[in-house]
>>> print(open('query19.txt').read())   # compact mmCIF, N, CA, C and O atoms
# COMPACT_ATOMS: atom_id res chain seq x y z
N MET A 28 0.84 -1.19 0.00
CA MET A 28 0.00 0.00 0.00
C MET A 28 0.89 1.25 0.00
O MET A 28 1.82 1.36 0.78
N LYS A 29 0.55 2.17 -0.88
CA LYS A 29 1.35 3.40 -0.98
C LYS A 29 0.89 4.42 0.04
O LYS A 29 -0.30 4.55 0.31
N ASN A 30 1.84 5.14 0.59
CA ASN A 30 1.55 6.19 1.55
C ASN A 30 1.74 7.54 0.84
O ASN A 30 2.84 8.07 0.78
N PHE A 31 0.64 8.06 0.28
CA PHE A 31 0.70 9.29 -0.50
C PHE A 31 0.92 10.51 0.38
O PHE A 31 0.45 10.56 1.51
N LYS A 32 1.64 11.50 -0.16
CA LYS A 32 1.92 12.74 0.59
C LYS A 32 0.63 13.50 0.89
O LYS A 32 0.53 14.14 1.93
N LEU A 33 -0.33 13.46 -0.05
CA LEU A 33 -1.61 14.15 0.17
C LEU A 33 -2.71 13.11 0.37
O LEU A 33 -2.78 12.11 -0.35
N ARG A 34 -3.57 13.36 1.33
CA ARG A 34 -4.74 12.51 1.53
C ARG A 34 -5.83 12.94 0.54
O ARG A 34 -5.83 14.07 0.04
N ALA A 35 -6.75 12.07 0.26
CA ALA A 35 -7.83 12.36 -0.69
C ALA A 35 -8.59 13.63 -0.29
O ALA A 35 -8.97 14.43 -1.16
N ASP A 36 -8.79 13.84 1.02
CA ASP A 36 -9.55 15.02 1.46
C ASP A 36 -8.74 16.32 1.34
O ASP A 36 -9.27 17.40 1.56
N GLN A 37 -7.46 16.23 0.97
CA GLN A 37 -6.63 17.41 0.77
C GLN A 37 -6.59 17.84 -0.71
O GLN A 37 -6.04 18.88 -1.02
N ILE A 38 -7.16 17.05 -1.59
CA ILE A 38 -7.15 17.34 -3.02
C ILE A 38 -8.28 18.31 -3.34
O ILE A 38 -9.45 18.01 -3.13
N LEU A 39 -7.91 19.49 -3.83
CA LEU A 39 -8.88 20.53 -4.20
C LEU A 39 -9.09 20.51 -5.71
O LEU A 39 -8.22 20.08 -6.47
N ASN A 40 -10.24 21.02 -6.16
CA ASN A 40 -10.48 21.16 -7.59
C ASN A 40 -9.80 22.44 -8.06
O ASN A 40 -10.31 23.53 -7.86
N LEU A 41 -8.63 22.28 -8.68
CA LEU A 41 -7.83 23.43 -9.11
C LEU A 41 -7.97 23.72 -10.60
O LEU A 41 -7.73 24.84 -11.02
N ILE A 42 -8.32 22.70 -11.37
CA ILE A 42 -8.42 22.85 -12.83
C ILE A 42 -9.69 22.16 -13.32
O ILE A 42 -10.22 21.28 -12.65
N PRO A 43 -10.18 22.56 -14.51
CA PRO A 43 -11.32 21.84 -15.09
C PRO A 43 -10.90 20.41 -15.41
O PRO A 43 -9.72 20.15 -15.67
N PRO A 44 -11.85 19.48 -15.43
CA PRO A 44 -11.51 18.09 -15.75
C PRO A 44 -10.82 17.99 -17.12
O PRO A 44 -11.27 18.61 -18.09
N MET A 45 -9.73 17.26 -17.17
CA MET A 45 -9.05 17.05 -18.45
C MET A 45 -8.57 15.62 -18.62
O MET A 45 -7.84 15.32 -19.54
N GLY A 46 -8.98 14.75 -17.74
CA GLY A 46 -8.65 13.34 -17.89
C GLY A 46 -7.48 12.90 -17.03
O GLY A 46 -7.09 13.56 -16.08
N GLY A 47 -6.94 11.75 -17.42
CA GLY A 47 -5.89 11.13 -16.64
C GLY A 47 -4.50 11.51 -17.11
O GLY A 47 -4.30 12.14 -18.14
N CYS A 48 -3.52 11.11 -16.30
CA CYS A 48 -2.11 11.34 -16.60
C CYS A 48 -1.32 10.26 -15.88
O CYS A 48 -1.87 9.51 -15.09
N MET A 49 -0.04 10.22 -16.14
CA MET A 49 0.83 9.31 -15.42
C MET A 49 1.84 10.13 -14.62
O MET A 49 2.33 11.15 -15.09
N ALA A 50 2.11 9.68 -13.40
CA ALA A 50 3.10 10.33 -12.54
C ALA A 50 3.78 9.26 -11.71
O ALA A 50 3.20 8.21 -11.42
N THR A 51 5.01 9.55 -11.32
CA THR A 51 5.77 8.58 -10.53
C THR A 51 5.56 8.82 -9.03
O THR A 51 5.15 9.89 -8.60
N ASP A 52 5.91 7.79 -8.28
CA ASP A 52 5.83 7.86 -6.82
C ASP A 52 6.77 8.91 -6.24
O ASP A 52 6.58 9.36 -5.11
N LYS A 53 7.79 9.30 -6.99
CA LYS A 53 8.69 10.34 -6.49
C LYS A 53 7.90 11.63 -6.23
O LYS A 53 8.23 12.39 -5.32
N ILE A 54 6.84 11.85 -7.00
CA ILE A 54 5.99 13.03 -6.83
C ILE A 54 4.90 12.76 -5.79
O ILE A 54 4.77 13.51 -4.83
N THR A 55 4.16 11.69 -5.96
CA THR A 55 2.97 11.47 -5.13
C THR A 55 3.25 10.83 -3.77
O THR A 55 2.47 11.02 -2.84
N VAL A 56 4.32 10.09 -3.65
CA VAL A 56 4.66 9.44 -2.38
C VAL A 56 5.79 10.21 -1.68
O VAL A 56 5.69 10.56 -0.51
N ASP A 57 6.85 10.51 -2.44
CA ASP A 57 8.01 11.20 -1.84
C ASP A 57 7.80 12.71 -1.75
O ASP A 57 8.51 13.39 -1.01
N GLY A 58 6.85 13.25 -2.52
CA GLY A 58 6.54 14.68 -2.44
C GLY A 58 7.49 15.60 -3.18
O GLY A 58 7.53 16.79 -2.90
N LEU A 59 8.25 15.05 -4.14
CA LEU A 59 9.16 15.88 -4.92
C LEU A 59 8.38 16.70 -5.95
O LEU A 59 7.29 16.32 -6.36
N LYS A 60 8.95 17.82 -6.36
CA LYS A 60 8.34 18.69 -7.37
C LYS A 60 8.45 18.05 -8.75
O LYS A 60 9.34 17.23 -9.00
N VAL A 61 7.56 18.46 -9.65
CA VAL A 61 7.66 18.06 -11.05
C VAL A 61 8.83 18.84 -11.66
O VAL A 61 8.86 20.07 -11.57
N ILE A 62 9.78 18.14 -12.23
CA ILE A 62 10.92 18.78 -12.89
C ILE A 62 10.80 18.62 -14.40
O ILE A 62 11.19 19.49 -15.16
N TYR A 63 10.25 17.50 -14.83
CA TYR A 63 10.15 17.19 -16.25
C TYR A 63 8.74 16.70 -16.55
O TYR A 63 8.19 15.89 -15.81
N MET A 64 8.15 17.22 -17.62
CA MET A 64 6.82 16.79 -18.01
C MET A 64 6.70 16.83 -19.52
O MET A 64 7.34 17.65 -20.18
N TYR A 65 5.94 15.91 -20.05
CA TYR A 65 5.70 15.93 -21.49
C TYR A 65 4.28 15.44 -21.77
O TYR A 65 3.66 14.80 -20.93
N ARG A 66 3.81 15.81 -22.96
CA ARG A 66 2.46 15.42 -23.37
C ARG A 66 2.55 14.66 -24.67
O ARG A 66 3.07 15.15 -25.66
N GLN A 67 2.05 13.44 -24.63
CA GLN A 67 2.05 12.59 -25.81
C GLN A 67 0.62 12.33 -26.24
O GLN A 67 -0.32 12.62 -25.50
N GLU A 68 0.47 11.77 -27.43
CA GLU A 68 -0.86 11.38 -27.88
C GLU A 68 -1.44 10.41 -26.86
O GLU A 68 -0.71 9.61 -26.26
N SER A 69 -2.73 10.45 -26.66
CA SER A 69 -3.40 9.64 -25.65
C SER A 69 -3.18 8.15 -25.85
O SER A 69 -3.22 7.66 -26.98
N ASP A 70 -2.95 7.45 -24.75
CA ASP A 70 -2.82 5.99 -24.77
C ASP A 70 -4.17 5.30 -24.62
O ASP A 70 -4.32 4.14 -24.96
N PHE A 71 -5.13 6.01 -24.06
CA PHE A 71 -6.45 5.44 -23.81
C PHE A 71 -7.46 6.57 -23.74
O PHE A 71 -7.09 7.74 -23.63
N GLU A 72 -8.74 6.22 -23.83
CA GLU A 72 -9.79 7.24 -23.76
C GLU A 72 -9.68 7.96 -22.41
O GLU A 72 -9.39 7.35 -21.39
N LYS A 73 -9.87 9.23 -22.44
CA LYS A 73 -9.80 10.09 -21.24
C LYS A 73 -8.37 10.25 -20.72
O LYS A 73 -8.16 10.59 -19.56
N ASP A 74 -7.37 9.99 -21.57
CA ASP A 74 -5.97 10.21 -21.22
C ASP A 74 -5.59 11.60 -21.74
O ASP A 74 -5.71 11.87 -22.92
N SER A 75 -5.13 12.46 -20.84
CA SER A 75 -4.70 13.80 -21.25
C SER A 75 -3.41 13.77 -22.05
O SER A 75 -3.09 14.72 -22.75
N GLY A 76 -2.66 12.68 -21.91
CA GLY A 76 -1.36 12.56 -22.55
C GLY A 76 -0.21 13.06 -21.70
O GLY A 76 0.96 12.86 -22.04
N TRP A 77 -0.50 13.68 -20.56
CA TRP A 77 0.57 14.23 -19.72
C TRP A 77 1.26 13.13 -18.93
O TRP A 77 0.62 12.22 -18.40
N ARG A 78 2.59 13.27 -18.82
CA ARG A 78 3.45 12.39 -18.03
C ARG A 78 4.33 13.27 -17.17
O ARG A 78 4.96 14.20 -17.67
N PHE A 79 4.37 12.99 -15.87
CA PHE A 79 5.08 13.85 -14.91
C PHE A 79 6.17 13.08 -14.17
O PHE A 79 5.93 11.99 -13.66
N PHE A 80 7.34 13.72 -14.06
CA PHE A 80 8.51 13.10 -13.41
C PHE A 80 9.20 14.12 -12.51
O PHE A 80 9.19 15.32 -12.79
N SER A 81 9.87 13.62 -11.48
CA SER A 81 10.64 14.50 -10.58
C SER A 81 12.01 14.82 -11.14
O SER A 81 12.69 15.70 -10.63
N GLY A 82 12.43 14.08 -12.15
CA GLY A 82 13.77 14.27 -12.70
C GLY A 82 14.83 13.47 -11.96
O GLY A 82 15.99 13.50 -12.33
N THR A 83 14.43 12.75 -10.91
CA THR A 83 15.38 11.94 -10.15
C THR A 83 15.24 10.45 -10.46
O THR A 83 15.99 9.65 -9.92
N GLU A 84 14.29 10.10 -11.31
CA GLU A 84 14.01 8.70 -11.60
C GLU A 84 15.06 8.11 -12.55
O GLU A 84 15.30 8.66 -13.61
N ALA A 85 15.67 7.01 -12.16
CA ALA A 85 16.55 6.26 -13.05
C ALA A 85 15.67 5.45 -14.00
O ALA A 85 14.49 5.22 -13.72
N GLN A 86 16.24 4.99 -15.09
CA GLN A 86 15.45 4.25 -16.08
C GLN A 86 14.84 2.98 -15.48
O GLN A 86 13.69 2.66 -15.74
N ASP A 87 15.59 2.27 -14.63
CA ASP A 87 15.04 1.05 -14.04
C ASP A 87 13.87 1.37 -13.11
O ASP A 87 12.94 0.58 -12.97
N TYR A 88 13.89 2.53 -12.48
CA TYR A 88 12.77 2.98 -11.63
C TYR A 88 11.54 3.20 -12.49
O TYR A 88 10.44 2.74 -12.17
N VAL A 89 11.70 3.90 -13.60
CA VAL A 89 10.58 4.21 -14.50
C VAL A 89 10.05 2.92 -15.13
O VAL A 89 8.85 2.79 -15.34
N ASP A 90 10.93 1.99 -15.42
CA ASP A 90 10.53 0.73 -16.06
C ASP A 90 9.72 -0.17 -15.13
O ASP A 90 9.02 -1.07 -15.60
N ASP A 91 9.79 0.06 -13.83
CA ASP A 91 9.04 -0.75 -12.86
C ASP A 91 7.63 -0.18 -12.73
O ASP A 91 7.44 0.92 -12.22
N PRO A 92 6.61 -0.92 -13.20
CA PRO A 92 5.24 -0.39 -13.17
C PRO A 92 4.71 -0.08 -11.77
O PRO A 92 3.76 0.68 -11.63
N ASP A 93 5.33 -0.62 -10.73
CA ASP A 93 4.90 -0.33 -9.37
C ASP A 93 5.23 1.10 -8.95
O ASP A 93 4.72 1.58 -7.94
N ASN A 94 6.09 1.79 -9.70
CA ASN A 94 6.52 3.14 -9.33
C ASN A 94 5.75 4.24 -10.05
O ASN A 94 6.03 5.42 -9.84
N THR A 95 4.81 3.87 -10.90
CA THR A 95 4.04 4.84 -11.67
C THR A 95 2.57 4.48 -11.59
O THR A 95 2.22 3.30 -11.58
N MET A 96 1.72 5.50 -11.52
CA MET A 96 0.28 5.26 -11.50
C MET A 96 -0.42 6.26 -12.40
O MET A 96 0.14 7.30 -12.74
N ILE A 97 -1.66 5.94 -12.72
CA ILE A 97 -2.51 6.86 -13.47
C ILE A 97 -3.31 7.68 -12.45
O ILE A 97 -3.88 7.12 -11.51
N TYR A 98 -3.32 8.98 -12.65
CA TYR A 98 -4.03 9.91 -11.77
C TYR A 98 -4.87 10.85 -12.61
O TYR A 98 -4.60 11.06 -13.79
N ASN A 99 -5.80 11.50 -11.97
CA ASN A 99 -6.48 12.64 -12.57
C ASN A 99 -5.45 13.77 -12.61
O ASN A 99 -4.69 13.95 -11.65
N VAL A 100 -5.40 14.52 -13.71
CA VAL A 100 -4.43 15.61 -13.82
C VAL A 100 -4.59 16.58 -12.64
O VAL A 100 -3.60 17.10 -12.11
N ASN A 101 -5.82 16.81 -12.21
CA ASN A 101 -6.06 17.70 -11.07
C ASN A 101 -5.30 17.24 -9.83
O ASN A 101 -4.82 18.07 -9.05
N THR A 102 -5.19 15.94 -9.63
CA THR A 102 -4.47 15.42 -8.46
C THR A 102 -3.01 15.86 -8.50
O THR A 102 -2.47 16.35 -7.50
N ILE A 103 -2.36 15.74 -9.66
CA ILE A 103 -0.96 16.13 -9.76
C ILE A 103 -0.82 17.65 -9.64
O ILE A 103 0.16 18.15 -9.08
N ALA A 104 -1.81 18.39 -10.13
CA ALA A 104 -1.79 19.86 -9.96
C ALA A 104 -1.80 20.21 -8.47
O ALA A 104 -1.21 21.22 -8.07
N ASN A 105 -2.44 19.41 -7.65
CA ASN A 105 -2.42 19.64 -6.21
C ASN A 105 -1.05 19.39 -5.61
O ASN A 105 -0.67 20.04 -4.64
N TYR A 106 -0.31 18.46 -6.17
CA TYR A 106 1.04 18.19 -5.69
C TYR A 106 2.02 19.28 -6.11
O TYR A 106 2.98 19.56 -5.41
N ASP A 107 1.78 19.87 -7.29
CA ASP A 107 2.68 20.91 -7.80
C ASP A 107 1.89 21.87 -8.68
O ASP A 107 1.70 21.63 -9.86
N LYS A 108 1.43 22.96 -8.07
CA LYS A 108 0.59 23.94 -8.77
C LYS A 108 1.32 24.63 -9.93
O LYS A 108 0.69 25.19 -10.82
N ALA A 109 2.64 24.55 -9.96
CA ALA A 109 3.42 25.20 -11.03
C ALA A 109 3.12 24.62 -12.41
O ALA A 109 3.36 25.27 -13.42
N ILE A 110 2.57 23.41 -12.47
CA ILE A 110 2.27 22.80 -13.78
C ILE A 110 1.04 23.40 -14.43
O ILE A 110 0.88 23.32 -15.65
N ILE A 111 0.17 24.01 -13.65
CA ILE A 111 -1.15 24.44 -14.14
C ILE A 111 -1.10 25.33 -15.39
O ILE A 111 -1.84 25.06 -16.34
N PRO A 112 -0.26 26.36 -15.46
CA PRO A 112 -0.28 27.22 -16.66
C PRO A 112 0.10 26.52 -17.96
O PRO A 112 -0.13 27.05 -19.03
N TYR A 113 0.65 25.33 -17.88
CA TYR A 113 1.17 24.63 -19.06
C TYR A 113 0.28 23.50 -19.54
O TYR A 113 0.54 22.90 -20.59
N LEU A 114 -0.78 23.21 -18.82
CA LEU A 114 -1.56 22.01 -19.09
C LEU A 114 -2.34 22.02 -20.40
O LEU A 114 -2.74 20.97 -20.89
N ASN A 115 -2.55 23.18 -20.99
CA ASN A 115 -3.28 23.22 -22.26
C ASN A 115 -2.35 23.25 -23.47
O ASN A 115 -2.81 23.42 -24.61
N LEU A 116 -1.05 23.08 -23.26
CA LEU A 116 -0.12 23.01 -24.38
C LEU A 116 -0.40 21.74 -25.19
O LEU A 116 -0.91 20.76 -24.66
N PRO A 117 -0.06 21.76 -26.48
CA PRO A 117 -0.44 20.65 -27.36
C PRO A 117 0.37 19.37 -27.14
O PRO A 117 1.44 19.38 -26.54
N TYR A 118 -0.17 18.27 -27.71
CA TYR A 118 0.56 17.01 -27.73
C TYR A 118 1.91 17.24 -28.37
O TYR A 118 2.05 18.04 -29.30
N GLY A 119 2.93 16.56 -27.89
CA GLY A 119 4.28 16.72 -28.40
C GLY A 119 5.11 17.71 -27.60
O GLY A 119 6.30 17.84 -27.82
N THR A 120 4.47 18.41 -26.65
CA THR A 120 5.19 19.38 -25.82
C THR A 120 6.02 18.67 -24.76
O THR A 120 5.56 17.71 -24.14
N GLU A 121 7.22 19.15 -24.54
CA GLU A 121 8.12 18.62 -23.52
C GLU A 121 8.67 19.82 -22.75
O GLU A 121 9.15 20.77 -23.36
N LEU A 122 8.58 19.78 -21.43
CA LEU A 122 8.99 20.92 -20.60
C LEU A 122 9.90 20.48 -19.46
O LEU A 122 9.78 19.38 -18.95
N GLU A 123 10.75 21.42 -19.05
CA GLU A 123 11.64 21.20 -17.92
C GLU A 123 11.57 22.43 -17.02
O GLU A 123 11.59 23.56 -17.49
N ARG A 124 11.48 22.19 -15.71
CA ARG A 124 11.42 23.30 -14.75
C ARG A 124 12.73 24.09 -14.78
O ARG A 124 13.82 23.51 -14.83
N VAL A 125 12.60 25.39 -14.75
CA VAL A 125 13.77 26.25 -14.61
C VAL A 125 14.18 26.14 -13.14
O VAL A 125 13.37 26.42 -12.24
N GLU A 126 15.41 25.71 -12.90
CA GLU A 126 15.87 25.41 -11.55
C GLU A 126 15.59 26.55 -10.58
O GLU A 126 15.86 27.71 -10.87
N GLY A 127 15.01 26.20 -9.43
CA GLY A 127 14.75 27.17 -8.38
C GLY A 127 13.54 28.06 -8.62
O GLY A 127 13.33 29.03 -7.88
N THR A 128 12.73 27.75 -9.63
CA THR A 128 11.55 28.57 -9.93
C THR A 128 10.31 27.70 -10.07
O THR A 128 10.39 26.47 -10.02
N ASP A 129 9.19 28.35 -10.28
CA ASP A 129 7.95 27.65 -10.60
C ASP A 129 7.63 27.79 -12.08
O ASP A 129 6.48 27.66 -12.49
N GLU A 130 8.64 28.06 -12.88
CA GLU A 130 8.45 28.20 -14.33
C GLU A 130 9.11 27.05 -15.06
O GLU A 130 10.08 26.46 -14.58
N PHE A 131 8.54 26.73 -16.21
CA PHE A 131 9.08 25.67 -17.06
C PHE A 131 9.50 26.26 -18.39
O PHE A 131 8.92 27.23 -18.85
N ARG A 132 10.53 25.65 -18.98
CA ARG A 132 10.93 26.06 -20.33
C ARG A 132 10.56 24.91 -21.27
O ARG A 132 10.66 23.74 -20.90
N ILE A 133 10.16 25.29 -22.46
CA ILE A 133 9.77 24.30 -23.45
C ILE A 133 11.04 23.74 -24.10
O ILE A 133 11.86 24.48 -24.61
N LEU A 134 11.16 22.42 -24.04
CA LEU A 134 12.27 21.73 -24.69
C LEU A 134 11.90 21.37 -26.11
O LEU A 134 12.70 21.48 -27.03
N LEU A 135 10.66 20.91 -26.28
CA LEU A 135 10.12 20.59 -27.60
C LEU A 135 8.73 21.19 -27.69
O LEU A 135 7.89 20.92 -26.85
N PRO A 136 8.49 22.01 -28.72
CA PRO A 136 7.14 22.59 -28.87
C PRO A 136 6.15 21.60 -29.42
O PRO A 136 6.52 20.59 -29.95
>>> encode(input="query19.txt", output="structure tokens")
Amino acid sequence: MKNFKLRADQILNLIPPMGGCMATDKITVDGLKVIYMYRQESDFEKDSGWRFFSGTEAQDYVDDPDNTMIYNVNTIANYDKAIIPYLNLPYGTELERVEGTDEFRILLP
């Protein structure tokens, strides 16, 4: 059983519904900030295409399905509100947090 940093009753409605996303336990369990995020074409119906990482995940960590879960995008916005201004960017967008800020720079438009 995972011990999430935020309890369900702490999740506020911060954004309009936009579907699901994938995020690693480094964000939802360890409470690290989103450092890297990208949006790909949807894998399933109601998939926003967003994928969120802390930037500390090694490849073997990411390859282990126990370390990643599907969440509502709003849930991840509660963990790191800095992602909110970027959520409507198109598929194919890749972003990296500017170190020490709540801003992201586009790596791939």
>>> residues_near_point(input="query19.txt", point="(6.3, 11.9, -2.1)", cutoff="10 Å", atoms="only C-alpha atoms", output="list in words")
Lys29, Asn30, Phe31, Lys32, Leu33, Thr51, Asp52, Lys53, Ile54, Thr55, Val56, Asp57, Gly58, Leu59, Lys60, Ser81 and Tyr106 of chain A
>>> residues_around(input="query19.txt", residues="Leu39 (chain A)", least_positions_apart="3", cutoff="9 Å", atoms="only C-alpha atoms", output="list in words")
Ala35, Asp36, Ile42, Asn101, Thr102 and Asn105 of chain A
>>> closest_residue(input="query19.txt", among="A:Val100, A:Ala85, A:Ala109, A:Cys48", to="Thr128 (chain A)", atoms="all atoms listed in the file")
A:Ala109
>>> atom_distance(input="query19.txt", atom1="atom C of Ile111 (chain A)", atom2="CA of Thr83 (chain A)")
21.9 Å
>>> closest_residue(input="query19.txt", among="A:Val89, A:Met64, A:Ala50, A:Ile103", to="Arg132 (chain A)", atoms="all atoms listed in the file")
A:Met64
>>> atom_distance(input="query19.txt", atom1="atom C of Asn99 (chain A)", atom2="atom O of Asp70 (chain A)")
15.7 Å
>>> atom_distance(input="query19.txt", atom1="CA of Leu116 (chain A)", atom2="CA of Arg34 (chain A)")
28.3 Å
>>> closest_residue(input="query19.txt", among="A:Thr95, A:Asn115, A:Thr120, A:Ser75", to="Met45 (chain A)", atoms="all atoms listed in the file")
A:Ser75
>>> select_by_dssp(input="query19.txt", residues="chain A", states="helix (DSSP H, G or I)", output="list in words")
Ala35, Asp36, Gln37, Asp52, Lys53, Ile54, Thr55, Gln86, Asp87, Tyr88, Val89, Asp90, Pro92, Asp93, Asn94, Val100, Asn101, Thr102, Ile103, Ala104, Asn105, Tyr106, Lys108, Ala109, Ile110, Ile111, Pro112 and Tyr113 of chain A
>>> residues_around(input="query19.txt", residues="Leu135 (chain A)", least_positions_apart="5", cutoff="6 Å", atoms="only N, CA, C and O atoms", output="compact mmCIF listing (two decimals) with N, CA, C and O atoms, in the coordinates of the input")
# COMPACT_ATOMS: atom_id res chain seq x y z
N GLY A 119 2.93 16.56 -27.89
CA GLY A 119 4.28 16.72 -28.40
C GLY A 119 5.11 17.71 -27.60
O GLY A 119 6.30 17.84 -27.82
N THR A 120 4.47 18.41 -26.65
CA THR A 120 5.19 19.38 -25.82
C THR A 120 6.02 18.67 -24.76
O THR A 120 5.56 17.71 -24.14
N GLU A 121 7.22 19.15 -24.54
CA GLU A 121 8.12 18.62 -23.52
C GLU A 121 8.67 19.82 -22.75
O GLU A 121 9.15 20.77 -23.36
N LEU A 122 8.58 19.78 -21.43
CA LEU A 122 8.99 20.92 -20.60
C LEU A 122 9.90 20.48 -19.46
O LEU A 122 9.78 19.38 -18.95
>>> closest_residue(input="query19.txt", among="A:Pro44, A:Asn94, A:Gly127, A:Phe79", to="Tyr63 (chain A)", atoms="only C-alpha atoms")
A:Phe79
>>> residues_around(input="query19.txt", residues="Gly76 (chain A)", least_positions_apart="4", cutoff="7 Å", atoms="only C-alpha atoms", output="list in words")
Cys48, Arg66, Gln67, Glu68 and Ser69 of chain A
>>> closest_residue(input="query19.txt", among="A:Ile38, A:Pro43, A:Val61, A:Ala104", to="Phe131 (chain A)", atoms="all atoms listed in the file")
A:Val61
>>> decode(input="query19.txt", residues="region 47-54 of chain A", atoms="all heavy atoms", output="PDB file, in the first residue's frame")
ATOM      1  N   GLY A  47      -6.939  11.752 -17.417  1.00  0.00           N
ATOM      2  CA  GLY A  47      -5.890  11.128 -16.642  1.00  0.00           C
ATOM      3  C   GLY A  47      -4.497  11.511 -17.108  1.00  0.00           C
ATOM      4  O   GLY A  47      -4.304  12.143 -18.143  1.00  0.00           O
ATOM      5  N   CYS A  48      -3.519  11.107 -16.305  1.00  0.00           N
ATOM      6  CA  CYS A  48      -2.109  11.339 -16.597  1.00  0.00           C
ATOM      7  C   CYS A  48      -1.315  10.263 -15.876  1.00  0.00           C
ATOM      8  O   CYS A  48      -1.873   9.512 -15.086  1.00  0.00           O
ATOM      9  CB  CYS A  48      -1.673  12.722 -16.129  1.00  0.00           C
ATOM     10  SG  CYS A  48      -1.706  12.930 -14.331  1.00  0.00           S
ATOM     11  N   MET A  49      -0.036  10.222 -16.142  1.00  0.00           N
ATOM     12  CA  MET A  49       0.833   9.310 -15.416  1.00  0.00           C
ATOM     13  C   MET A  49       1.837  10.126 -14.616  1.00  0.00           C
ATOM     14  O   MET A  49       2.330  11.149 -15.093  1.00  0.00           O
ATOM     15  CB  MET A  49       1.539   8.367 -16.378  1.00  0.00           C
ATOM     16  CG  MET A  49       0.559   7.408 -17.048  1.00  0.00           C
ATOM     17  SD  MET A  49       1.330   6.339 -18.271  1.00  0.00           S
ATOM     18  CE  MET A  49       2.247   5.258 -17.195  1.00  0.00           C
ATOM     19  N   ALA A  50       2.113   9.675 -13.405  1.00  0.00           N
ATOM     20  CA  ALA A  50       3.100  10.332 -12.543  1.00  0.00           C
ATOM     21  C   ALA A  50       3.784   9.258 -11.709  1.00  0.00           C
ATOM     22  O   ALA A  50       3.204   8.214 -11.420  1.00  0.00           O
ATOM     23  CB  ALA A  50       2.431  11.358 -11.640  1.00  0.00           C
ATOM     24  N   THR A  51       5.013   9.554 -11.320  1.00  0.00           N
ATOM     25  CA  THR A  51       5.772   8.583 -10.532  1.00  0.00           C
ATOM     26  C   THR A  51       5.562   8.817  -9.035  1.00  0.00           C
ATOM     27  O   THR A  51       5.149   9.891  -8.599  1.00  0.00           O
ATOM     28  CB  THR A  51       7.283   8.657 -10.842  1.00  0.00           C
ATOM     29  OG1 THR A  51       7.806   9.872 -10.322  1.00  0.00           O
ATOM     30  CG2 THR A  51       7.554   8.550 -12.341  1.00  0.00           C
ATOM     31  N   ASP A  52       5.909   7.788  -8.282  1.00  0.00           N
ATOM     32  CA  ASP A  52       5.828   7.863  -6.820  1.00  0.00           C
ATOM     33  C   ASP A  52       6.767   8.913  -6.241  1.00  0.00           C
ATOM     34  O   ASP A  52       6.578   9.359  -5.113  1.00  0.00           O
ATOM     35  CB  ASP A  52       6.159   6.509  -6.197  1.00  0.00           C
ATOM     36  CG  ASP A  52       5.085   5.464  -6.436  1.00  0.00           C
ATOM     37  OD1 ASP A  52       4.008   5.811  -6.963  1.00  0.00           O
ATOM     38  OD2 ASP A  52       5.337   4.286  -6.095  1.00  0.00           O
ATOM     39  N   LYS A  53       7.790   9.305  -6.987  1.00  0.00           N
ATOM     40  CA  LYS A  53       8.690  10.344  -6.494  1.00  0.00           C
ATOM     41  C   LYS A  53       7.897  11.631  -6.227  1.00  0.00           C
ATOM     42  O   LYS A  53       8.232  12.385  -5.319  1.00  0.00           O
ATOM     43  CB  LYS A  53       9.814  10.627  -7.497  1.00  0.00           C
ATOM     44  CG  LYS A  53      10.739   9.460  -7.738  1.00  0.00           C
ATOM     45  CD  LYS A  53      11.755   9.330  -6.647  1.00  0.00           C
ATOM     46  CE  LYS A  53      12.788   8.265  -6.982  1.00  0.00           C
ATOM     47  NZ  LYS A  53      13.829   8.192  -5.996  1.00  0.00           N
ATOM     48  N   ILE A  54       6.841  11.848  -7.003  1.00  0.00           N
ATOM     49  CA  ILE A  54       5.990  13.029  -6.826  1.00  0.00           C
ATOM     50  C   ILE A  54       4.904  12.764  -5.787  1.00  0.00           C
ATOM     51  O   ILE A  54       4.770  13.514  -4.825  1.00  0.00           O
ATOM     52  CB  ILE A  54       5.364  13.437  -8.184  1.00  0.00           C
ATOM     53  CG1 ILE A  54       6.474  13.861  -9.164  1.00  0.00           C
ATOM     54  CG2 ILE A  54       4.324  14.543  -7.999  1.00  0.00           C
ATOM     55  CD1 ILE A  54       6.035  13.941 -10.604  1.00  0.00           C
TER      56      ILE A  54
END
